[in-house]
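Peer 1: Below you'll find input_34.csv; it's CSV, C-alpha atoms and all ligand atoms.
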```csv
chain,number,residue,atom,x,y,z
A,600,MET,CA,-55.1,27.6,19.4
A,601,ASN,CA,-53.9,30.8,21.0
A,602,ASP,CA,-57.1,32.7,21.7
A,603,GLN,CA,-55.3,36.1,21.3
A,604,ALA,CA,-55.5,35.5,17.6
A,605,THR,CA,-59.3,35.1,17.4
A,606,ALA,CA,-61.0,36.5,20.4
A,607,PRO,CA,-63.2,39.4,19.4
A,608,THR,CA,-62.4,42.2,21.9
A,609,LYS,CA,-63.7,45.7,22.4
A,610,SER,CA,-61.2,48.4,21.7
A,611,LYS,CA,-59.6,49.5,24.9
A,612,VAL,CA,-57.8,52.5,23.3
A,613,SER,CA,-59.6,55.5,21.8
A,614,ARG,CA,-58.5,57.3,18.6
A,615,GLN,CA,-57.8,60.3,20.7
A,616,GLN,CA,-55.5,58.3,23.0
A,617,LEU,CA,-53.7,56.9,19.9
A,618,GLU,CA,-53.3,60.4,18.4
A,619,GLN,CA,-51.7,61.5,21.7
A,620,LEU,CA,-49.4,58.6,21.6
A,621,TRP,CA,-48.5,59.1,17.9
A,622,PRO,CA,-48.8,62.8,16.9
A,623,GLU,CA,-46.8,61.7,13.8
A,624,LEU,CA,-49.9,60.0,12.4
A,625,ALA,CA,-50.9,63.5,11.2
A,626,TRP,CA,-47.8,63.6,8.9
A,627,ILE,CA,-49.4,61.0,6.6
A,628,ASP,CA,-50.9,63.0,3.8
A,629,ASN,CA,-53.0,60.3,2.2
A,630,SER,CA,-56.1,60.0,4.4
A,631,GLN,CA,-56.8,56.4,3.4
A,632,LEU,CA,-53.3,55.3,4.4
A,633,ARG,CA,-53.5,57.3,7.6
A,634,GLU,CA,-56.8,55.5,8.5
A,635,ALA,CA,-55.3,52.1,7.7
A,636,VAL,CA,-52.2,52.8,9.9
A,637,THR,CA,-54.5,54.1,12.7
A,638,LYS,CA,-56.7,51.0,12.5
A,639,THR,CA,-53.7,48.7,12.7
A,640,TRP,CA,-52.5,50.3,16.0
A,641,LEU,CA,-56.0,50.2,17.4
A,642,LEU,CA,-56.3,46.5,16.5
A,643,ALA,CA,-52.9,45.8,18.0
A,644,PHE,CA,-54.0,47.3,21.3
A,645,GLU,CA,-57.2,45.2,21.2
A,646,ARG,CA,-55.2,42.1,21.0
A,647,SER,CA,-52.3,43.1,23.3
A,648,PRO,CA,-51.9,42.8,27.0
A,649,LEU,CA,-50.1,46.2,26.9
A,650,LEU,CA,-51.7,49.7,27.4
A,651,PRO,CA,-50.6,52.9,25.8
A,652,GLU,CA,-49.0,54.1,29.0
A,653,ASP,CA,-46.9,50.9,29.1
A,654,LEU,CA,-45.2,52.0,25.9
A,655,ASN,CA,-43.8,55.0,27.7
A,656,THR,CA,-42.1,52.9,30.3
A,657,ILE,CA,-41.1,49.5,28.7
A,658,PRO,CA,-37.7,49.4,27.0
A,659,PHE,CA,-37.8,49.5,23.2
A,660,THR,CA,-35.8,46.3,23.0
A,661,LEU,CA,-35.2,43.2,25.1
A,662,LEU,CA,-31.9,42.6,23.3
A,663,VAL,CA,-30.1,45.3,25.4
A,664,ALA,CA,-29.8,44.7,29.1
A,665,ASN,CA,-31.4,47.4,31.3
A,666,CYS,CA,-32.2,49.4,28.1
A,667,PRO,CA,-32.7,53.1,29.3
A,668,THR,CA,-34.9,54.3,26.4
A,669,SER,CA,-38.6,53.6,26.2
A,670,PHE,CA,-40.5,52.1,23.4
A,671,MET,CA,-42.2,55.4,22.4
A,672,GLU,CA,-39.0,57.4,22.7
A,673,HIS,CA,-37.3,55.1,20.3
A,674,LYS,CA,-40.2,54.6,17.9
A,675,ARG,CA,-40.9,58.3,17.6
A,676,CYS,CA,-37.2,59.0,17.1
A,677,VAL,CA,-37.1,56.5,14.3
A,678,VAL,CA,-40.1,58.1,12.6
A,679,HIS,CA,-38.5,61.6,12.8
A,680,ILE,CA,-35.1,60.3,11.5
A,681,ALA,CA,-36.8,58.4,8.6
A,682,LYS,CA,-38.9,61.4,7.6
A,683,ASP,CA,-36.0,63.8,7.6
A,684,ALA,CA,-33.8,61.3,5.7
A,685,ALA,CA,-36.5,60.7,3.1
A,686,HIS,CA,-36.8,64.5,2.5
A,687,ALA,CA,-33.0,64.9,2.3
A,688,MET,CA,-32.7,62.1,-0.2
A,689,GLN,CA,-35.7,63.5,-2.2
A,690,ASN,CA,-34.1,67.0,-2.3
A,691,PHE,CA,-30.6,65.8,-3.3
A,692,MET,CA,-31.2,62.6,-5.3
A,693,GLY,CA,-34.9,62.9,-6.2
A,694,LYS,CA,-34.0,63.0,-9.9
A,695,ALA,CA,-32.5,59.5,-9.7
A,696,LEU,CA,-34.6,57.9,-6.9
A,697,LYS,CA,-38.3,57.7,-6.5
A,698,ILE,CA,-39.2,58.1,-2.8
A,699,ASP,CA,-42.7,58.1,-1.4
A,700,VAL,CA,-42.5,59.9,1.9
A,701,ASP,CA,-46.0,58.8,3.0
A,702,THR,CA,-44.9,55.2,2.6
A,703,VAL,CA,-41.7,55.9,4.7
A,704,ILE,CA,-43.7,57.6,7.5
A,705,ALA,CA,-46.4,54.9,7.6
A,706,GLY,CA,-43.8,52.1,7.5
A,707,ALA,CA,-41.8,53.7,10.3
A,708,ILE,CA,-44.9,54.2,12.5
A,709,LEU,CA,-45.9,50.5,11.9
A,710,ALA,CA,-42.5,48.8,12.0
A,711,ASP,CA,-42.8,47.7,15.6
A,712,VAL,CA,-46.6,47.5,16.0
A,713,GLY,CA,-46.2,43.7,16.2
A,714,LYS,CA,-44.3,44.2,19.5
A,715,LEU,CA,-47.7,44.6,21.0
A,716,LEU,CA,-48.2,40.9,20.4
A,717,GLU,CA,-44.5,40.0,21.0
A,718,TYR,CA,-44.2,41.5,24.5
A,719,GLU,CA,-46.1,41.0,27.7
A,720,ILE,CA,-45.5,42.3,31.2
A,721,LYS,CA,-44.7,39.9,34.0
A,722,ASP,CA,-43.6,41.0,37.5
A,723,TRP,CA,-43.5,44.6,36.3
A,724,LYS,CA,-41.0,43.7,33.6
A,725,ALA,CA,-41.4,43.4,29.8
A,726,GLN,CA,-40.7,39.9,28.4
A,727,GLN,CA,-41.2,38.0,25.2
A,728,SER,CA,-44.6,36.3,25.1
A,729,GLU,CA,-45.0,32.7,24.0
A,730,ARG,CA,-46.3,34.0,20.6
A,731,GLY,CA,-43.4,36.4,20.4
A,732,GLU,CA,-40.9,33.6,20.7
A,733,LEU,CA,-42.5,31.9,17.7
A,734,LEU,CA,-43.4,35.0,15.7
A,735,ARG,CA,-41.2,38.0,16.0
A,736,HIS,CA,-42.9,41.4,15.5
A,737,PRO,CA,-42.1,41.8,11.8
A,738,PHE,CA,-44.4,38.8,11.2
A,739,THR,CA,-47.2,39.7,13.5
A,740,GLY,CA,-47.0,43.4,12.4
A,741,VAL,CA,-47.6,42.4,8.8
A,742,ALA,CA,-50.5,40.2,9.8
A,743,LEU,CA,-52.2,43.1,11.7
A,744,ALA,CA,-51.5,45.6,8.9
A,745,LEU,CA,-52.9,43.4,6.1
A,746,GLU,CA,-56.0,42.9,8.1
A,747,CYS,CA,-56.5,46.7,8.2
A,748,GLY,CA,-55.9,47.3,4.5
A,749,VAL,CA,-52.3,48.6,4.7
A,750,PRO,CA,-50.8,48.5,1.2
A,751,ASP,CA,-48.1,45.9,0.4
A,752,THR,CA,-45.5,48.7,-0.1
A,753,VAL,CA,-45.9,49.6,3.6
A,754,CYS,CA,-46.2,45.9,4.8
A,755,HIS,CA,-42.9,45.3,3.0
A,756,ILE,CA,-41.2,47.9,5.3
A,757,ILE,CA,-42.7,46.2,8.4
A,758,ALA,CA,-41.5,42.8,7.1
A,759,ALA,CA,-38.0,44.0,6.1
A,760,HIS,CA,-37.1,46.6,8.8
A,761,ALA,CA,-35.2,44.2,11.0
A,762,ALA,CA,-32.6,41.5,10.5
A,763,GLU,CA,-35.1,39.2,8.7
A,764,GLY,CA,-35.1,41.8,5.9
A,765,ASP,CA,-31.5,41.2,5.2
A,766,LEU,CA,-32.6,38.3,3.1
A,767,VAL,CA,-35.1,40.5,1.1
A,768,LYS,CA,-34.5,43.0,-1.7
A,769,ARG,CA,-35.5,46.1,0.2
A,770,THR,CA,-37.3,49.1,-1.5
A,771,THR,CA,-35.7,52.5,-1.1
A,772,GLU,CA,-38.4,53.3,1.5
A,773,ALA,CA,-37.6,50.1,3.4
A,774,PHE,CA,-33.8,50.9,3.4
A,775,ILE,CA,-34.6,54.3,4.9
A,776,VAL,CA,-36.7,52.9,7.8
A,777,HIS,CA,-34.2,50.0,8.3
A,778,HIS,CA,-31.3,52.4,8.7
A,779,ALA,CA,-33.2,54.9,10.8
A,780,ASP,CA,-34.2,52.0,13.1
A,781,PHE,CA,-30.7,50.6,13.4
A,782,MET,CA,-29.0,54.0,13.9
A,783,ALA,CA,-31.3,54.5,16.9
A,784,TYR,CA,-30.6,50.9,18.2
A,785,LEU,CA,-27.0,49.9,17.6
A,786,PRO,CA,-25.4,52.6,19.8
A,787,PHE,CA,-27.3,51.0,22.8
A,788,LYS,CA,-25.5,47.7,22.2
A,789,ASN,CA,-22.3,49.3,23.2
A,790,ALA,CA,-22.7,50.4,26.8
A,791,ASN,CA,-19.8,52.8,26.5
A,792,ASN,CA,-22.0,55.1,24.4
A,793,LEU,CA,-24.5,55.6,27.3
A,794,LYS,CA,-24.4,58.6,29.6
A,795,LYS,CA,-22.9,57.7,32.9
B,801,FE,FE,-38.3,46.2,15.2
```
Have the structure of the file written as structure tokens, please.

Peer 2:
Amino acid sequence: MNDQATAPTKSKVSRQQLEQLWPELAWIDNSQLREAVTKTWLLAFERSPLLPEDLNTIPFTLLVANCPTSFMEHKRCVVHIAKDAAHAMQNFMGKALKIDVDTVIAGAILADVGKLLEYEIKDWKAQQSERGELLRHPFTGVALALECGVPDTVCHIIAAHAAEGDLVKRTTEAFIVHHADFMAYLPFKNANNLKK
């Protein structure tokens, strides 16, 4: 059995460090939800070979060669896009669509938390771990979040934010996070879009 799954480890990241990494946690109004999201990230760091500072240097994806944008730059950008998109949709289409902004923000903050178990650093480079090859981050992300009491509506966003979610009936909140994530990812797949 992979001992990463069961080994009880002491937290190597403080709440203060996490709040510095993720100032957007403060945007979640519901204190119970904010606490569950915070716990999920702390648990992910406990079980990850990565440190908070690694997230400012490793690329946000391994699917783009020499990706020039870091994990945190990408993730925070997605949270900002998702929140603004949720507000715009609420303002213009709120009569027709029910949108829970807290759920959008929590889902966007947690969408890639599983990458802490999917990635490892070898020879100063991020690569997919053995576990990551078997279980991509939407799966490990949901496992971590459920353990920390994150509600199903938010776990659904983690599960459905990437290509796996194309097989699922996404909620409105999950559509928002999915598109925010992909609009901040797809331009990188075309090298012509990058600054020379
Ligand atoms: Fe992802």

Peer 1: Do you know which residues are within 10 Å of ligand FE 801 (chain B) using all atoms listed in the file? Can you write them as number ranges by chain?

Peer 2: A: 659-660, 674, 707, 709-714, 735-737, 740, 757-762, 777, 780-781, 784

Peer 1: Please determine, counting all atoms listed in the file, which residue among A:Ile657, A:Ala635, A:Ala790, A:Ala625 has the shortest atom-to-atom distance to A:Glu746.

Peer 2: A:Ala635

Peer 1: Would you mind reading off the distance between atom CA of A:Leu715 and atom CA of A:Ser647, one decimal, in Å?

Peer 2: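 Interatomic distance here is 5.4 Å.
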
Peer 1: Quick one: of A:Leu661, A:Pro750, A:Asn792, A:Glu634, who's nearest to A:Glu719, counting only C-alpha atoms?

Peer 2: A:Leu661

Peer 1: My list of candidates is A:Leu642, A:Ala687, A:Cys747, A:Ile698. Which is closest to A:Lys611 when distances are computed with all atoms listed in the file?

Peer 2: A:Leu642

Peer 1: Skip stretch 770-774 of chain A itself and residues of its chain fewer than 2 positions away, then list as JSON, numbers by chain all residues within 6 Å of it, counting only C-alpha atoms.

Peer 2: {"A": [703, 756, 776, 777]}

Peer 1: For A:Val678, work out the shell of residues within 12 Å, counting all atoms listed in the file and skipping chain neighbours fewer than 4 positions away, then give it as a VMD selection string.

Peer 2: chain A and resid 621 to 624 626 to 627 671 to 674 682 to 685 700 to 711 775 to 780 782 to 783

Peer 1: Any chance you can output those residues with C-alpha atoms as a JSON list (two decimals), keeping the file's coordinate frame?

Peer 2:
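Result file follows (selection_35.json):
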```json
[["chain", "number", "residue", "atom", "x", "y", "z"],
["A", 621, "TRP", "CA", -48.50, 59.10, 17.90],
["A", 622, "PRO", "CA", -48.80, 62.80, 16.90],
["A", 623, "GLU", "CA", -46.80, 61.70, 13.80],
["A", 624, "LEU", "CA", -49.90, 60.00, 12.40],
["A", 626, "TRP", "CA", -47.80, 63.60, 8.90],
["A", 627, "ILE", "CA", -49.40, 61.00, 6.60],
["A", 671, "MET", "CA", -42.20, 55.40, 22.40],
["A", 672, "GLU", "CA", -39.00, 57.40, 22.70],
["A", 673, "HIS", "CA", -37.30, 55.10, 20.30],
["A", 674, "LYS", "CA", -40.20, 54.60, 17.90],
["A", 682, "LYS", "CA", -38.90, 61.40, 7.60],
["A", 683, "ASP", "CA", -36.00, 63.80, 7.60],
["A", 684, "ALA", "CA", -33.80, 61.30, 5.70],
["A", 685, "ALA", "CA", -36.50, 60.70, 3.10],
["A", 700, "VAL", "CA", -42.50, 59.90, 1.90],
["A", 701, "ASP", "CA", -46.00, 58.80, 3.00],
["A", 702, "THR", "CA", -44.90, 55.20, 2.60],
["A", 703, "VAL", "CA", -41.70, 55.90, 4.70],
["A", 704, "ILE", "CA", -43.70, 57.60, 7.50],
["A", 705, "ALA", "CA", -46.40, 54.90, 7.60],
["A", 706, "GLY", "CA", -43.80, 52.10, 7.50],
["A", 707, "ALA", "CA", -41.80, 53.70, 10.30],
["A", 708, "ILE", "CA", -44.90, 54.20, 12.50],
["A", 709, "LEU", "CA", -45.90, 50.50, 11.90],
["A", 710, "ALA", "CA", -42.50, 48.80, 12.00],
["A", 711, "ASP", "CA", -42.80, 47.70, 15.60],
["A", 775, "ILE", "CA", -34.60, 54.30, 4.90],
["A", 776, "VAL", "CA", -36.70, 52.90, 7.80],
["A", 777, "HIS", "CA", -34.20, 50.00, 8.30],
["A", 778, "HIS", "CA", -31.30, 52.40, 8.70],
["A", 779, "ALA", "CA", -33.20, 54.90, 10.80],
["A", 780, "ASP", "CA", -34.20, 52.00, 13.10],
["A", 782, "MET", "CA", -29.00, 54.00, 13.90],
["A", 783, "ALA", "CA", -31.30, 54.50, 16.90]]
```
